[in-house]
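A short write-up of the structure that comes next.
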Amino acid sequence: MTQYKLRLRDLPIDELLELVSDEIPHCHYDYQKHHILLYDENREQIGILRLPLHLMIDESLILLEDHAHALYLSIESGSAALCIVQGEHIVYHTTFSAYMTRKKQGFSQIKYLNKKGKSRAGSRVRLASTIDFFESINESLTDLLEIYEIDRIALDCTTTLIPYLYQSKVPCPFAKKDPRLYKIPLHISQSNYTHLEGAIRQLKDPVLLYEENQAHWAELLLGSS
């Protein structure tokens with residue numbers, strides 16, 4: 001069944017939350033995923049309202065903050081991008097790079113080590129670069145979390161690389177189960193500033209996700225507005 005995405009950029013967030021409370025029979029705010037689950041009278045799910053990270057609400061769908069600080073971090077083998085966003089504006093950004101990929105084969109040194117070990121000189125160089133890469137990321141994160149009061153941490157990182165982030169000699173300044181963590185719900189093809197900024201731009205508006213057979217609920221919300 002086709003899933004639709006309706007971007008709700010023109011409706012003030014306080015009005016949108018009031019409409020959801022008034023028109024949708026049952027709602028549940030999921031803090032970790034930062035979205036509102038929408039249900040009909042029979043408690044059947046009818047859609048999801050995905051919220052941007054600069055908006056903070058409580059379980060009663062009351063707006064608490066519309067200018068929150070969010071840290072966005074995207075990591076892939078050999079490159080990473082980091083942005084600090086206040087409200088809808090990027091106030092800081094930086095990138096990281098490292099020699100972590102075997103040129104001929106085109107895959108990361110980490111995956112290679114898991115299969116072949118680290119005996120050759122080139123492998124040792126790439127491994128050292130990998131260690132420096134994650135230490136540099138964690139040093140920057142530590143400095144930024146001392147400067148900015150971060151409300152949410154949006155992360156895009158594969159399960160292969162996550163252990164290196166948390167096992168670095170320079171400790172990661174947030175825990176694996178930090179309640180502020182948020183998995184970026186978009187595919188970021190490259191971990192550079194251009195692609196991360198594009199993802200942030202896509203996520204800055206509330207988005208209603210619903211199936212084709214639930215379109216009348218979307219029409220109800222829009223008609224009420």
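By convention here, the chains of the structure tokens are called A, B, ... in the order presented, each chain's residues are numbered starting at 1, and ligands are numbered starting at 1 in the order presented.
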
Per residue of range 39-77 of chain A within 7 Å of range 14-29 of chain A, which atom pair is closest and at what distance in Å (one decimal), using only C-alpha atoms, listed by chain and increasing number, as a Markdown table?
| residue | atom | partner | partner_atom | distance |
| --- | --- | --- | --- | --- |
| A:Tyr39 | CA | A:His26 | CA | 5.0 |
| A:Asp40 | CA | A:Pro25 | CA | 5.3 |
| A:Glu41 | CA | A:Pro25 | CA | 5.5 |
| A:Arg43 | CA | A:His26 | CA | 6.9 |
| A:Glu59 | CA | A:Tyr29 | CA | 5.7 |
| A:Leu61 | CA | A:Leu17 | CA | 6.2 |
| A:Leu63 | CA | A:Asp14 | CA | 6.4 |

Residues from the last selection, N, CA and C atoms, saved as an mmCIF file, in the first residue's frame:
data_model
loop_
_atom_site.group_PDB
_atom_site.id
_atom_site.type_symbol
_atom_site.label_atom_id
_atom_site.label_comp_id
_atom_site.auth_asym_id
_atom_site.auth_seq_id
_atom_site.Cartn_x
_atom_site.Cartn_y
_atom_site.Cartn_z
ATOM 1 N N TYR A 39 -4.070 7.497 16.242
ATOM 2 C CA TYR A 39 -4.942 6.328 16.258
ATOM 3 C C TYR A 39 -6.404 6.751 16.096
ATOM 4 N N ASP A 40 -7.201 5.838 15.524
ATOM 5 C CA ASP A 40 -8.635 6.104 15.398
ATOM 6 C C ASP A 40 -9.384 5.665 16.652
ATOM 7 N N GLU A 41 -10.721 5.661 16.605
ATOM 8 C CA GLU A 41 -11.535 5.322 17.766
ATOM 9 C C GLU A 41 -11.289 3.901 18.257
ATOM 10 N N ARG A 43 -8.370 2.407 18.247
ATOM 11 C CA ARG A 43 -6.945 2.312 18.576
ATOM 12 C C ARG A 43 -6.131 1.697 17.436
ATOM 13 N N GLU A 59 4.051 15.077 26.818
ATOM 14 C CA GLU A 59 3.155 13.968 26.491
ATOM 15 C C GLU A 59 1.725 14.428 26.239
ATOM 16 N N LEU A 61 1.052 16.907 24.379
ATOM 17 C CA LEU A 61 1.162 17.616 23.090
ATOM 18 C C LEU A 61 1.138 19.131 23.280
ATOM 19 N N LEU A 63 3.325 22.529 23.437
ATOM 20 C CA LEU A 63 4.609 23.032 22.950
ATOM 21 C C LEU A 63 5.410 23.622 24.099
#

- prompt: Within 10 Å of Val85 in chain A, counting only C-alpha atoms, which residues qualify if same-chain residues fewer than 4 places away don't, as a list in words?
  reply: Leu53, His54, His67, Ala68, His69, Ala70, Leu71, Tyr72, His89, Ile90, Val91, Tyr92, His93, Ile150, Arg152 and Ile200 of chain A

Emit the selected residues as a JSON list (two decimals), in the first residue's frame, including N, CA and C atoms.
[["chain", "number", "residue", "atom", "x", "y", "z"],
["A", 53, "LEU", "N", 13.40, 18.61, 15.16],
["A", 53, "LEU", "CA", 14.05, 18.57, 16.47],
["A", 53, "LEU", "C", 14.10, 19.92, 17.17],
["A", 54, "HIS", "N", 13.86, 21.02, 16.47],
["A", 54, "HIS", "CA", 13.88, 22.30, 17.17],
["A", 54, "HIS", "C", 12.59, 22.54, 17.96],
["A", 67, "HIS", "N", 12.67, 26.65, 19.73],
["A", 67, "HIS", "CA", 13.97, 27.15, 19.30],
["A", 67, "HIS", "C", 15.08, 26.34, 19.96],
["A", 68, "ALA", "N", 14.87, 25.03, 20.05],
["A", 68, "ALA", "CA", 15.81, 24.17, 20.77],
["A", 68, "ALA", "C", 17.11, 23.98, 19.99],
["A", 69, "HIS", "N", 18.15, 23.53, 20.71],
["A", 69, "HIS", "CA", 19.45, 23.22, 20.10],
["A", 69, "HIS", "C", 19.51, 21.74, 19.76],
["A", 70, "ALA", "N", 19.90, 21.42, 18.54],
["A", 70, "ALA", "CA", 20.10, 20.03, 18.13],
["A", 70, "ALA", "C", 21.48, 19.87, 17.51],
["A", 71, "LEU", "N", 22.14, 18.79, 17.86],
["A", 71, "LEU", "CA", 23.42, 18.44, 17.27],
["A", 71, "LEU", "C", 23.19, 17.31, 16.27],
["A", 72, "TYR", "N", 23.61, 17.50, 15.03],
["A", 72, "TYR", "CA", 23.47, 16.49, 13.98],
["A", 72, "TYR", "C", 24.86, 15.95, 13.65],
["A", 89, "HIS", "N", 18.16, 27.30, 12.28],
["A", 89, "HIS", "CA", 19.38, 27.86, 11.71],
["A", 89, "HIS", "C", 20.62, 27.10, 12.16],
["A", 90, "ILE", "N", 21.50, 26.76, 11.21],
["A", 90, "ILE", "CA", 22.77, 26.13, 11.53],
["A", 90, "ILE", "C", 23.72, 27.20, 12.07],
["A", 91, "VAL", "N", 24.18, 27.01, 13.30],
["A", 91, "VAL", "CA", 25.06, 27.99, 13.94],
["A", 91, "VAL", "C", 26.51, 27.54, 13.97],
["A", 92, "TYR", "N", 26.75, 26.27, 13.64],
["A", 92, "TYR", "CA", 28.13, 25.77, 13.60],
["A", 92, "TYR", "C", 28.14, 24.51, 12.74],
["A", 93, "HIS", "N", 29.23, 24.33, 11.98],
["A", 93, "HIS", "CA", 29.39, 23.07, 11.26],
["A", 93, "HIS", "C", 30.87, 22.79, 11.02],
["A", 150, "ILE", "N", 22.80, 21.31, 24.50],
["A", 150, "ILE", "CA", 22.18, 20.52, 23.44],
["A", 150, "ILE", "C", 20.94, 19.78, 23.96],
["A", 152, "ARG", "N", 18.83, 17.80, 21.77],
["A", 152, "ARG", "CA", 18.74, 16.51, 21.09],
["A", 152, "ARG", "C", 20.00, 16.26, 20.28],
["A", 200, "ILE", "N", 18.98, 18.04, 7.11],
["A", 200, "ILE", "CA", 18.45, 18.96, 8.12],
["A", 200, "ILE", "C", 17.32, 19.81, 7.52]]

- prompt: Do you have the CA of Leu51 in chain A-CA of Ser79 in chain A distance handy?
  reply: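 Atom-to-atom, CA of Leu51 in chain A and CA of Ser79 in chain A are spaced 27.7 Å apart.
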
- prompt: What is the CA of Lys204 in chain A-CA of Pro52 in chain A distance in Å, reported with one decimal?
  reply: 5.0 Å

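Counting only C-alpha atoms and comparing A:Thr194, A:Gln202, A:Thr95, A:Asn138, the residue that lies closest to Tyr166 in chain A is A:Asn138.
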
query: Hey, can you check how far CA of Gln214 in chain A sits from CA of Ile62 in chain A?
result: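 Spanning CA of Gln214 in chain A to CA of Ile62 in chain A is a straight-line distance of 25.0 Å.
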
At a cut-off of 8 Å, using only C-alpha atoms, what residues contact range 175-181 of chain A? Leave out same-chain residues fewer than 5 positions from it and give the result as a short mmCIF file (atom, residue, chain, number, x, y, z; two decimals) with all heavy atoms, in the first residue's frame.
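Once written, result-v2.cif looks like this:
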data_model
loop_
_atom_site.label_atom_id
_atom_site.label_comp_id
_atom_site.auth_asym_id
_atom_site.auth_seq_id
_atom_site.Cartn_x
_atom_site.Cartn_y
_atom_site.Cartn_z
N GLN A 32 11.67 9.24 21.92
CA GLN A 32 12.89 8.77 21.28
C GLN A 32 12.86 9.03 19.77
O GLN A 32 13.83 9.50 19.19
CB GLN A 32 13.11 7.29 21.55
CG GLN A 32 14.41 6.76 20.98
CD GLN A 32 14.64 5.29 21.31
OE1 GLN A 32 13.71 4.53 21.54
NE2 GLN A 32 15.90 4.89 21.35
N ASP A 151 19.82 19.98 23.27
CA ASP A 151 18.57 19.34 23.67
C ASP A 151 18.39 17.96 23.03
O ASP A 151 17.85 17.05 23.65
CB ASP A 151 17.37 20.23 23.29
CG ASP A 151 17.43 21.58 23.98
OD1 ASP A 151 17.30 21.59 25.22
OD2 ASP A 151 17.62 22.60 23.30
N ARG A 152 18.83 17.80 21.77
CA ARG A 152 18.74 16.51 21.09
C ARG A 152 20.00 16.26 20.28
O ARG A 152 20.63 17.20 19.78
CB ARG A 152 17.52 16.45 20.15
CG ARG A 152 16.17 16.55 20.81
CD ARG A 152 15.92 15.46 21.84
NE ARG A 152 15.93 14.12 21.32
CZ ARG A 152 14.84 13.42 21.01
NH1 ARG A 152 13.64 13.95 21.15
NH2 ARG A 152 14.93 12.18 20.58
N ILE A 153 20.36 14.97 20.15
CA ILE A 153 21.53 14.55 19.40
C ILE A 153 21.07 13.63 18.28
O ILE A 153 20.62 12.50 18.54
CB ILE A 153 22.55 13.83 20.30
CG1 ILE A 153 23.02 14.76 21.43
CG2 ILE A 153 23.75 13.35 19.48
CD1 ILE A 153 23.82 14.05 22.51
N ALA A 154 21.13 14.10 17.06
CA ALA A 154 20.67 13.33 15.90
C ALA A 154 21.88 12.63 15.27
O ALA A 154 22.85 13.27 14.89
CB ALA A 154 20.00 14.25 14.89
N LEU A 155 21.79 11.31 15.16
CA LEU A 155 22.95 10.52 14.72
C LEU A 155 22.62 9.67 13.50
O LEU A 155 21.56 9.04 13.43
CB LEU A 155 23.39 9.61 15.88
CG LEU A 155 24.65 8.76 15.67
CD1 LEU A 155 25.87 9.64 15.40
CD2 LEU A 155 24.89 7.87 16.88
N TYR A 166 32.40 4.82 20.51
CA TYR A 166 32.31 4.69 21.97
C TYR A 166 33.53 4.05 22.62
O TYR A 166 33.69 4.12 23.84
CB TYR A 166 31.05 3.91 22.34
CG TYR A 166 29.78 4.71 22.13
CD1 TYR A 166 28.95 4.47 21.05
CD2 TYR A 166 29.43 5.73 23.02
CE1 TYR A 166 27.79 5.22 20.84
CE2 TYR A 166 28.28 6.48 22.83
CZ TYR A 166 27.47 6.22 21.74
OH TYR A 166 26.33 6.97 21.54
#
